[in-house]
Amino acid sequence: ATAAASSAVQVNQLGYLPGGPKRATVVTTATTALPWQLRDAKGAVAASGTTAVRGADAASGDSTHLVDFSSYRGTGNGYTLTVDGRASHPFDIRADLYDGLRADAMSFFYQQRSGIPIEASLAGAAYARPAGHLGVAPNKGDTGVPCQAGVCDYTRDVRGGWYDAGDQGKYVVNGGIAVWQTVNSFERAKRAGHQAALGDATLRVPERGNRVPDVLDEARWELEFLMRMQIPEGKPRAGMAFHKIHDAQWTGLPTRPEQDSQPRELHAPSTAATLNLAAATAQCARVFAAYDKTFAARCLASALRAWTAAKANPNVLAPDSDGTGGGAYGDARVDDEFYWAAAELYATTGESAYRDAVTSSPFHTSADAFTPLGFAWPETAALGRITLATVPNGLAADDRARVRASVVTAADGYLAAMARQGYAVPLPVDGYVWGSNGQVANNASVIAVAYELTGQARYRDGALEALDYLLGRNALGQSYVSGYGEQASRNQHHRFWAHQYDASLPNPPAGSLAGGPDSALQDPVAQEKLPGCAAAKCYIDDIGSYSTNEVAINWNAPLAWLVAFAAER
Ligand code: 9MR
């Protein structure tokens with residue numbers, strides 16, 4: 001089950017765009033250049049050349065050569081690349097390459113919805129299921145959820161939203177970052193004049209045909225939930241957000257959502273969750289204003305309440321220890337969340353109080369708003385920078401120029417990391433953490449923002465080349481996106497898409513991104529099957545390996561973002 005890649009010529013198994021970069025990695029110890037041939041579906045040579053020797057790749061332990069066939073501009077299906085008598089998996093070269101994945105990667109969110117039946121007519125018969133967590137037995141339901149002991153003495157209706165991942169918990173900090181990326185994808189596409197591709201009736205969602213862009217309909221399902229997590233007026237810590245809601249004890253696999261019989265509990269509010277809510281709802285107010293003024297106003301009111309509550313409770317930290325029955329999502333440092341929330345509120349309202357909060361933040365000038373590993377649910381300053389760099393605002397011209405330059409500098413760092421490695425992955429060599437594929441996609445999105453800011457082709461190429469990594473040009477020859485590629489992940493950790501454990505249940509739907517290599521081997525399957533793995537190979541497509549092979553909203557959100565970017569033409 002481990003290690004050996006099934007092909008020694010690693011390509012994007014979905015394929016390449018006619019006008020995009022086309023590179024592949026060959027695993028070989030040859031010390032001199034080798035001839036390569038691009039063959040069409042009939043086996044005829046369409047292009048040929050010689051490899052570039054790259055040598056040892058630190059993260060994988062592989063010796064590699066590079067094939068660059070970017071100058072080939074033909075189109076077709078079923079190409080292969082052959083080097084030294086070995087052939088790649090087949091792939092396409094076509095302009096509409098990413099259209100299907102654009103819809104599938106976003107439809108993941110509908111399938112993760114809580115509190116609504118998943119319809120066969122939208123998701124396909126295999127994926128249909130009754131609504132989960134509405135209080136119908138055996139569910140205890142999210143409609144009247146009590147707090148953990150000592151946290152509050154009332155219940156809240158926190159139905160809806162997206163299940164986080166393979167589990168059925170709902171965590172504000174992770175929901176907030178994922179919904180931000182979803183809405184940001186639309187906001188960015190609209191600036192570029194490409195919003196029609198994300199518009200109404202582009203997705204398989206129940207709200208199709210309501211004249212609101214489907215991507216925003218999907219985001220609203222989560223935003224409504226996030227706002228339900230805000231403590232009402234008249235209660236202690238009013239305006240703050242509960243950190244999370246999940247089962248009292250971890251459930252086993254499989255557990256269908258409507259079959260979960262565990263009590264559900266609200267966990268203590270946190271400053272991080274409150275600011276995350278403020279950022280997401282401030283962005284909501286700005287982007288939804290053109291489509292639903294009433295909802296936009298509700299979002300803004302929630303954002304203002306959350307900001308005020310966070311200022312009054314600036315250091316209520318979620319601990320790493322609270323991991324029974326759900327993920328901890330602990331975060332010991334929240335000044336990055338303050339910066340992000342201030343940036344969103346400033347971009348939306350233009351008010352000087354938020355500008356002052358932005359410009360006085362240590363994250364406004366420090367380089368570590370962008371890190372080599374990249375932003376994530378506990379590291380959100382980069383999101384504030386992206387908004388300040390891209391959304392028109394009143395920052396002084398030199399300050400705004402500096403913010404924009406900081407995004408480009410970060411992108412240059414990711415491009416440099418890609419150039420150093422045999423598989424062109426925008427991660428540091430020690431970056432194979434839990435959810436490394438999410439970090440790859442996040443960093444690629446920063447590269448794509450640099451393309452928006454500069455118009456320079458190398459940034460578009462870099463973002464596209466990071467997709468190559470996720471879709472098979474990596475040390476395992478693994479497409480980490482289900483349904484896309486000859487050797488694609490299909491057994492991701494999930495309580496309903498648990499076909500590996502129960503043949504009556506489906507595999508994950510097409511477009512679901514696996515977490516990816518995690519060199520720390522943080523689950524029993526990884527520990528048993530992957531001992532001694534090179535960092536970039538610490539992955540197994542087994543449902544039990546939750547630390548390498550789960551799905552999650554904060555990984556599919558940047559995948560969907562990136563694919564929407566790649567599909568633009
Ligand atoms: O993505 C999270 C990762 O950064 C953490 O290291 C890991 C352990 O705390 O948890 C990951 O998030 C999981 C969460 O705790 C529960 N739902 C599934 C998430 C994805 O594996």
# chains A, B, ... in the order shown; residues from 1 in each chain; ligands from 1
call {"tool": "closest_atom_pairs", "arguments": {"of": "chain A", "to": "ligand 1", "cutoff": "7 Å", "atoms": "only C-alpha atoms and all ligand atoms", "output": "CSV"}}
result
residue,atom,partner,partner_atom_place_in_ligand_line,distance
A:Asp164,CA,ligand 1,17 (N),5.6
A:Ala165,CA,ligand 1,18 (C),4.8
A:Gly166,CA,ligand 1,18 (C),6.0
A:Asp167,CA,ligand 1,17 (N),5.6
A:Gly169,CA,ligand 1,17 (N),6.7
A:Gly326,CA,ligand 1,16 (C),5.6
A:Gly327,CA,ligand 1,15 (O),3.1
A:Ala328,CA,ligand 1,15 (O),5.7
A:Tyr329,CA,ligand 1,15 (O),6.0
A:Trp434,CA,ligand 1,3 (C),5.3
A:Gly435,CA,ligand 1,1 (O),5.6
A:Tyr546,CA,ligand 1,21 (O),6.0
A:Ser547,CA,ligand 1,21 (O),6.1
A:Glu550,CA,ligand 1,21 (O),5.5
A:Val551,CA,ligand 1,20 (C),6.6
A:Ala552,CA,ligand 1,20 (C),5.5
call {"tool": "select_by_dssp", "arguments": {"residues": "region 122-367 of chain A", "states": "helix (DSSP H, G or I)", "output": "PyMOL selection string"}}
result
chain A and resi 122-123+125-127+172-191+195-198+214-228+257-259+271-288+293-312+335-349+352-359+362-365+367
call {"tool": "write_last_selection", "arguments": {"atoms": "C-alpha atoms", "output": "compact mmCIF listing (two decimals), in the first residue's frame"}}
result
# COMPACT_ATOMS: atom_id res chain seq x y z
CA LEU A 122 -28.99 17.51 -7.22
CA ALA A 123 -26.34 15.25 -5.75
CA ALA A 125 -28.97 8.98 -5.97
CA ALA A 126 -25.93 7.52 -4.20
CA TYR A 127 -25.38 10.76 -2.29
CA VAL A 172 -16.61 28.76 13.73
CA VAL A 173 -12.95 29.48 12.96
CA ASN A 174 -12.82 26.87 10.22
CA GLY A 175 -16.26 27.70 8.87
CA GLY A 176 -15.31 31.37 8.76
CA ILE A 177 -12.11 30.91 6.78
CA ALA A 178 -13.81 28.50 4.35
CA VAL A 179 -16.79 30.77 3.75
CA TRP A 180 -14.46 33.76 3.33
CA GLN A 181 -12.58 31.95 0.57
CA THR A 182 -15.84 30.98 -1.09
CA VAL A 183 -17.11 34.56 -1.11
CA ASN A 184 -13.65 35.85 -1.99
CA SER A 185 -13.63 33.58 -5.03
CA PHE A 186 -16.76 35.36 -6.25
CA GLU A 187 -15.51 38.83 -5.31
CA ARG A 188 -12.25 38.23 -7.17
CA ALA A 189 -13.98 36.77 -10.22
CA LYS A 190 -16.29 39.76 -10.35
CA ARG A 191 -13.36 42.20 -10.39
CA GLN A 195 -18.48 36.23 -12.32
CA ALA A 196 -20.96 34.70 -14.76
CA ALA A 197 -19.19 31.35 -14.40
CA LEU A 198 -20.08 31.43 -10.69
CA ASP A 214 -24.97 30.06 -6.63
CA VAL A 215 -21.59 30.43 -4.96
CA LEU A 216 -23.13 33.09 -2.73
CA ASP A 217 -26.19 30.90 -2.06
CA GLU A 218 -23.83 28.19 -0.86
CA ALA A 219 -21.88 30.66 1.29
CA ARG A 220 -25.11 31.97 2.81
CA TRP A 221 -25.96 28.50 4.13
CA GLU A 222 -22.81 28.71 6.25
CA LEU A 223 -23.10 32.40 7.10
CA GLU A 224 -26.59 31.87 8.54
CA PHE A 225 -25.16 29.16 10.78
CA LEU A 226 -22.19 31.31 11.83
CA MET A 227 -24.54 34.11 12.86
CA ARG A 228 -26.59 31.62 14.93
CA PRO A 257 -25.61 12.36 9.90
CA GLU A 258 -29.26 11.54 10.59
CA GLN A 259 -28.17 8.51 12.65
CA THR A 271 -12.08 35.83 20.80
CA ALA A 272 -10.78 33.97 17.73
CA ALA A 273 -14.24 32.70 16.76
CA THR A 274 -15.76 36.13 17.40
CA LEU A 275 -13.25 37.90 15.15
CA ASN A 276 -13.52 35.21 12.52
CA LEU A 277 -17.28 35.79 12.51
CA ALA A 278 -16.70 39.54 12.30
CA ALA A 279 -14.41 39.13 9.28
CA ALA A 280 -16.71 36.75 7.42
CA THR A 281 -19.85 38.81 8.06
CA ALA A 282 -18.13 42.10 7.20
CA GLN A 283 -17.11 40.58 3.87
CA CYS A 284 -20.67 39.25 3.49
CA ALA A 285 -22.09 42.74 3.98
CA ARG A 286 -19.88 44.07 1.19
CA VAL A 287 -20.36 41.31 -1.37
CA PHE A 288 -24.04 40.49 -0.80
CA LYS A 293 -29.60 44.24 0.85
CA THR A 294 -31.53 42.82 3.81
CA PHE A 295 -29.14 39.94 4.25
CA ALA A 296 -26.15 42.23 3.77
CA ALA A 297 -27.48 44.48 6.54
CA ARG A 298 -27.91 41.50 8.87
CA CYS A 299 -24.33 40.50 8.16
CA LEU A 300 -23.05 43.99 8.90
CA ALA A 301 -24.97 44.19 12.18
CA SER A 302 -23.48 40.84 13.20
CA ALA A 303 -19.98 42.01 12.26
CA LEU A 304 -20.27 45.22 14.29
CA ARG A 305 -21.57 43.35 17.35
CA ALA A 306 -18.79 40.78 17.03
CA TRP A 307 -16.08 43.43 16.70
CA THR A 308 -17.35 45.30 19.76
CA ALA A 309 -17.55 42.07 21.77
CA ALA A 310 -14.02 41.06 20.76
CA LYS A 311 -12.67 44.46 21.80
CA ALA A 312 -14.35 43.97 25.18
CA ASP A 335 -3.88 39.63 16.99
CA ASP A 336 -3.87 38.21 13.48
CA GLU A 337 -7.65 37.71 13.73
CA PHE A 338 -8.00 41.31 14.97
CA TYR A 339 -6.10 42.46 11.89
CA TRP A 340 -8.19 40.38 9.50
CA ALA A 341 -11.51 41.50 11.01
CA ALA A 342 -10.40 45.15 11.01
CA ALA A 343 -9.36 44.87 7.36
CA GLU A 344 -12.73 43.44 6.32
CA LEU A 345 -14.65 46.01 8.35
CA TYR A 346 -12.54 48.81 6.87
CA ALA A 347 -12.95 47.60 3.30
CA THR A 348 -16.70 47.39 3.84
CA THR A 349 -17.42 50.55 5.85
CA SER A 352 -11.56 55.52 10.36
CA ALA A 353 -11.80 53.45 13.54
CA TYR A 354 -11.19 50.33 11.49
CA ARG A 355 -8.46 52.00 9.44
CA ASP A 356 -6.72 52.86 12.70
CA ALA A 357 -7.12 49.26 13.88
CA VAL A 358 -5.54 48.12 10.62
CA THR A 359 -2.63 50.54 10.55
CA PRO A 362 1.71 44.62 14.20
CA PHE A 363 0.55 42.53 11.25
CA HIS A 364 0.09 45.55 9.00
CA THR A 365 3.81 46.01 8.55
CA ALA A 367 6.50 40.28 7.08
call {"tool": "closest_residue", "arguments": {"among": "A:Ala520, A:Ala410, A:Leu14, A:Val136", "to": "Val449 (chain A)", "atoms": "only C-alpha atoms"}}
result
A:Ala410
call {"tool": "atom_distance", "arguments": {"atom1": "CA of Asn491 (chain A)", "atom2": "CA of Asn549 (chain A)"}}
result
7.7 Å
call {"tool": "select_by_dssp", "arguments": {"residues": "region 427-553 of chain A", "states": "strand (DSSP E or B)", "output": "list in words"}}
result
Leu471, Ser479, Val481, Ala488, His493, Leu513, Glu550 and Ala552 of chain A
call {"tool": "write_last_selection", "arguments": {"atoms": "N, CA and C atoms", "output": "PDB file, in the first residue's frame"}}
result
ATOM      1  N   LEU A 471      -3.098  17.397  -8.605  1.00  0.00           N
ATOM      2  CA  LEU A 471      -3.767  16.475  -9.528  1.00  0.00           C
ATOM      3  C   LEU A 471      -2.821  15.398 -10.069  1.00  0.00           C
ATOM      4  N   SER A 479      -3.438  11.678  -7.722  1.00  0.00           N
ATOM      5  CA  SER A 479      -4.355  12.806  -7.772  1.00  0.00           C
ATOM      6  C   SER A 479      -5.110  12.808  -6.452  1.00  0.00           C
ATOM      7  N   VAL A 481      -7.580  14.567  -5.737  1.00  0.00           N
ATOM      8  CA  VAL A 481      -8.952  15.032  -5.963  1.00  0.00           C
ATOM      9  C   VAL A 481      -9.774  13.866  -6.507  1.00  0.00           C
ATOM     10  N   ALA A 488      -6.603   8.412  -8.505  1.00  0.00           N
ATOM     11  CA  ALA A 488      -7.171   9.484  -7.679  1.00  0.00           C
ATOM     12  C   ALA A 488      -7.635   8.933  -6.333  1.00  0.00           C
ATOM     13  N   HIS A 493     -11.397   9.893   4.529  1.00  0.00           N
ATOM     14  CA  HIS A 493     -12.028   9.692   5.841  1.00  0.00           C
ATOM     15  C   HIS A 493     -13.334  10.488   5.932  1.00  0.00           C
ATOM     16  N   LEU A 513     -11.127  16.997  -2.087  1.00  0.00           N
ATOM     17  CA  LEU A 513      -9.675  17.043  -1.913  1.00  0.00           C
ATOM     18  C   LEU A 513      -9.254  16.343  -0.623  1.00  0.00           C
ATOM     19  N   GLU A 550      -8.327  12.869   5.187  1.00  0.00           N
ATOM     20  CA  GLU A 550      -9.672  13.370   5.451  1.00  0.00           C
ATOM     21  C   GLU A 550     -10.030  14.386   4.363  1.00  0.00           C
ATOM     22  N   ALA A 552     -12.061  18.261   4.099  1.00  0.00           N
ATOM     23  CA  ALA A 552     -12.433  19.331   5.026  1.00  0.00           C
ATOM     24  C   ALA A 552     -12.831  20.574   4.237  1.00  0.00           C
TER      25      ALA A 552
END
call {"tool": "closest_residue", "arguments": {"among": "A:Ala59, A:Val27, A:Ala498, A:Leu464", "to": "Ala566 (chain A)", "atoms": "only C-alpha atoms"}}
result
A:Leu464
call {"tool": "residues_around", "arguments": {"residues": "Ala526 (chain A)", "least_positions_apart": "6", "cutoff": "8 Å", "atoms": "only C-alpha atoms", "output": "list in words"}}
result
Cys538, Tyr539, Ile540, Ser545, Ser547 and Thr548 of chain A
call {"tool": "atom_distance", "arguments": {"atom1": "CA of Leu388 (chain A)", "atom2": "CA of Ala369 (chain A)"}}
result
12.5 Å
call {"tool": "residues_around", "arguments": {"residues": "Leu530 (chain A)", "least_positions_apart": "3", "cutoff": "10 Å", "atoms": "only C-alpha atoms", "output": "PyMOL selection string"}}
result
chain A and resi 1-3+519+521+524-527+533-534+537-540
